[in-house]
$ cat target-v4.txt   # compact mmCIF, C-alpha atoms
# COMPACT_ATOMS: atom_id res chain seq x y z
CA MET A 68 84.93 133.13 74.32
CA THR A 69 87.20 130.13 73.91
CA HIS A 70 87.27 127.84 70.93
CA PRO A 71 85.38 124.52 71.38
CA ASP A 72 88.57 122.56 70.71
CA GLU A 73 90.35 124.40 73.53
CA GLU A 74 87.46 123.76 75.88
CA TYR A 75 87.47 120.08 74.93
CA SER A 76 91.23 119.69 75.49
CA HIS A 77 90.95 121.55 78.82
CA MET A 78 88.08 119.28 79.88
CA LYS A 79 90.12 116.18 78.95
CA ALA A 80 93.11 117.46 80.95
CA LEU A 81 90.89 118.00 84.00
CA LYS A 82 89.43 114.52 83.57
CA ARG A 83 92.93 112.97 83.41
CA HIS A 84 93.89 114.88 86.56
CA ASN A 85 90.74 113.73 88.42
CA ASP A 86 91.27 110.14 87.25
CA MET A 87 94.86 110.25 88.54
CA LEU A 88 93.66 111.52 91.94
CA GLY A 89 91.26 108.56 92.06
CA PHE A 90 94.02 106.12 91.15
CA VAL A 91 96.24 107.48 93.93
CA ALA A 92 93.42 107.31 96.48
CA ASP A 93 92.53 103.73 95.48
CA ALA A 94 96.15 102.57 95.49
CA GLN A 95 97.08 103.77 98.96
CA TYR A 96 96.81 100.46 100.77
CA GLY A 97 99.72 98.63 102.31
CA ILE A 98 103.39 99.21 101.54
CA PRO A 99 103.65 100.98 98.19
CA THR A 100 106.06 99.50 95.66
CA LYS A 101 105.66 102.16 92.98
CA CYS A 102 103.98 105.55 92.75
CA PRO A 103 101.21 106.04 90.15
CA CYS A 104 103.47 108.63 88.47
CA GLY A 105 105.96 105.82 87.76
CA GLY A 106 108.51 106.95 90.34
CA GLY A 107 110.10 104.61 92.83
CA ILE A 108 109.38 104.59 96.55
CA ILE A 109 112.05 105.52 99.08
CA PRO A 110 111.90 105.15 102.87
CA GLU A 111 112.14 108.58 104.46
CA VAL A 112 112.49 109.87 108.02
CA SER A 113 110.99 113.22 108.99
CA PRO A 114 113.83 115.53 110.07
CA CYS A 115 111.78 118.06 112.03
CA ASN A 116 108.36 118.91 113.44
CA LYS A 117 105.88 120.14 110.88
CA PHE A 118 103.71 121.63 113.61
CA PRO A 119 104.75 122.23 117.21
CA ASN A 120 102.98 119.97 119.73
CA ASP A 121 101.79 117.65 116.94
CA PHE A 122 102.56 114.00 117.70
CA ASP A 123 102.07 112.89 114.09
CA THR A 124 104.87 115.05 112.70
CA GLN A 125 107.55 114.65 115.35
CA PRO A 126 111.15 114.18 114.17
CA GLY A 127 111.96 110.60 113.32
CA ARG A 128 108.54 109.77 111.90
CA ARG A 129 108.93 107.33 109.00
CA TYR A 130 107.27 107.56 105.57
CA PHE A 131 107.23 105.71 102.27
CA THR A 132 107.68 108.57 99.79
CA CYS A 133 107.74 108.83 95.99
CA LYS A 134 111.14 109.89 94.58
CA ASN A 135 109.33 112.59 92.58
CA PHE A 136 107.15 113.74 95.48
CA GLU A 137 105.28 117.00 95.05
CA ASN A 138 102.49 117.92 97.44
CA ASN A 139 99.82 117.98 94.72
CA GLY A 140 97.93 114.80 95.59
CA LEU A 141 99.38 112.77 92.71
CA HIS A 142 102.27 111.14 94.57
CA PHE A 143 102.63 108.81 97.54
CA ARG A 144 103.82 109.86 100.97
CA THR A 145 102.40 107.16 103.21
CA PRO A 146 103.15 107.07 106.94
CA TRP A 147 105.12 103.92 107.73
CA VAL A 148 102.79 102.92 110.57
CA PHE A 149 99.67 102.96 108.40
CA ALA A 150 101.36 101.00 105.59
CA ILE A 151 102.61 98.32 108.00
CA GLN A 152 99.21 98.11 109.70
CA ASP A 153 97.52 97.55 106.31
CA GLU A 154 100.07 94.87 105.39
CA VAL A 155 99.66 93.03 108.71
CA THR A 156 95.87 93.12 108.36
CA LYS A 157 96.16 91.73 104.83
CA LEU A 158 98.53 88.98 106.02
CA VAL A 159 96.26 88.01 108.94
CA ASP A 160 93.31 87.70 106.54
CA ARG A 161 95.42 85.58 104.19
CA VAL A 162 96.50 83.28 107.07
CA LYS A 163 92.84 82.82 108.06
CA GLU A 164 91.96 81.89 104.46
CA MET A 165 94.83 79.39 104.36
CA ALA A 166 93.79 77.86 107.69
CA GLU A 167 90.24 77.39 106.38
CA GLU A 168 91.62 75.79 103.21
CA ILE A 169 93.82 73.45 105.25
CA ASP A 170 90.84 72.42 107.39
CA ARG A 171 88.78 71.78 104.24
CA LEU A 172 91.56 69.69 102.70
CA LYS A 173 92.03 67.73 105.94
CA ALA A 174 88.30 66.91 105.93
CA GLN A 175 88.51 65.73 102.32
CA LEU A 176 91.56 63.64 103.07
CA TYR A 177 89.89 62.12 106.13
CA GLN A 178 86.85 61.15 104.02
CA LEU A 179 89.08 59.45 101.44
CA HIS A 180 90.83 57.31 104.05
CA ARG A 181 87.78 56.31 106.10
CA PRO A 182 87.29 52.53 106.28
$ encode --input "target-v4.txt" --output "structure tokens"
Amino acid sequence: MTHPDEEYSHMKALKRHNDMLGFVADAQYGIPTKCPCGGGIIPEVSPCNKFPNDFDTQPGRRYFTCKNFENNGLHFRTPWVFAIQDEVTKLVDRVKEMAEEIDRLKAQLYQLHRP
């Protein structure tokens, strides 16, 4: 039987690990600027097929990868296409918001200058 203090510290370590997995999952949107581990992001190109006949892992596939990448779920390795798609979607939404704001401001300006 383990000591209660050991069980408590083990439980806290598991909680920190699960929290970090949640942070990584929540943060994977758009082009990453920094990994949750604190490491920088480098652009990377896949040198070879991971699986034969798999389109997603063909040579030349681009990724945004953490400098300290380990395949343990705590680091970023985002496919370039998905990151760019998220960024474009975010920019399109922002442009729509700005267009609505411009229309609103034009209406206010028109009301101020009405005779």
$ residues_around --input "target-v4.txt" --residues "range 144-147 of chain A" --least-positions-apart "4" --cutoff "8 Å" --atoms "all atoms listed in the file" --output "list in words"
Gln95, Ile98, Arg128, Arg129, Tyr130, Phe131, Thr132, Cys133, Phe136 and Ile151 of chain A
$ residues_around --input "target-v4.txt" --residues "range 102-108 of chain A" --least-positions-apart "3" --cutoff "8 Å" --atoms "only C-alpha atoms" --output "list in words"
Met87, Phe90, Val91, Pro99, Phe131, Thr132, Cys133, Lys134, Asn135, Leu141, His142 and Phe143 of chain A
$ atom_distance --input "target-v4.txt" --atom1 "CA of Gly127 in chain A" --atom2 "CA of Val159 in chain A"
27.9 Å
$ atom_distance --input "target-v4.txt" --atom1 "CA of Ile169 in chain A" --atom2 "CA of Val155 in chain A"
20.7 Å
$ atom_distance --input "target-v4.txt" --atom1 "CA of Gly140 in chain A" --atom2 "CA of His84 in chain A"
9.9 Å
$ axis_aligned_box --input "target-v4.txt" --around "range 152-162 of chain A" --padding-each-side "6 Å" --output "lines of an AutoDock Vina configuration file"
center_x = 96.7
center_y = 90.7
center_z = 106.9
size_x = 18.8
size_y = 26.8
size_z = 17.5
$ closest_residue --input "target-v4.txt" --among "A:Met78, A:Arg181, A:Leu88, A:Gly97" --to "Thr156 in chain A" --atoms "only C-alpha atoms"
A:Gly97
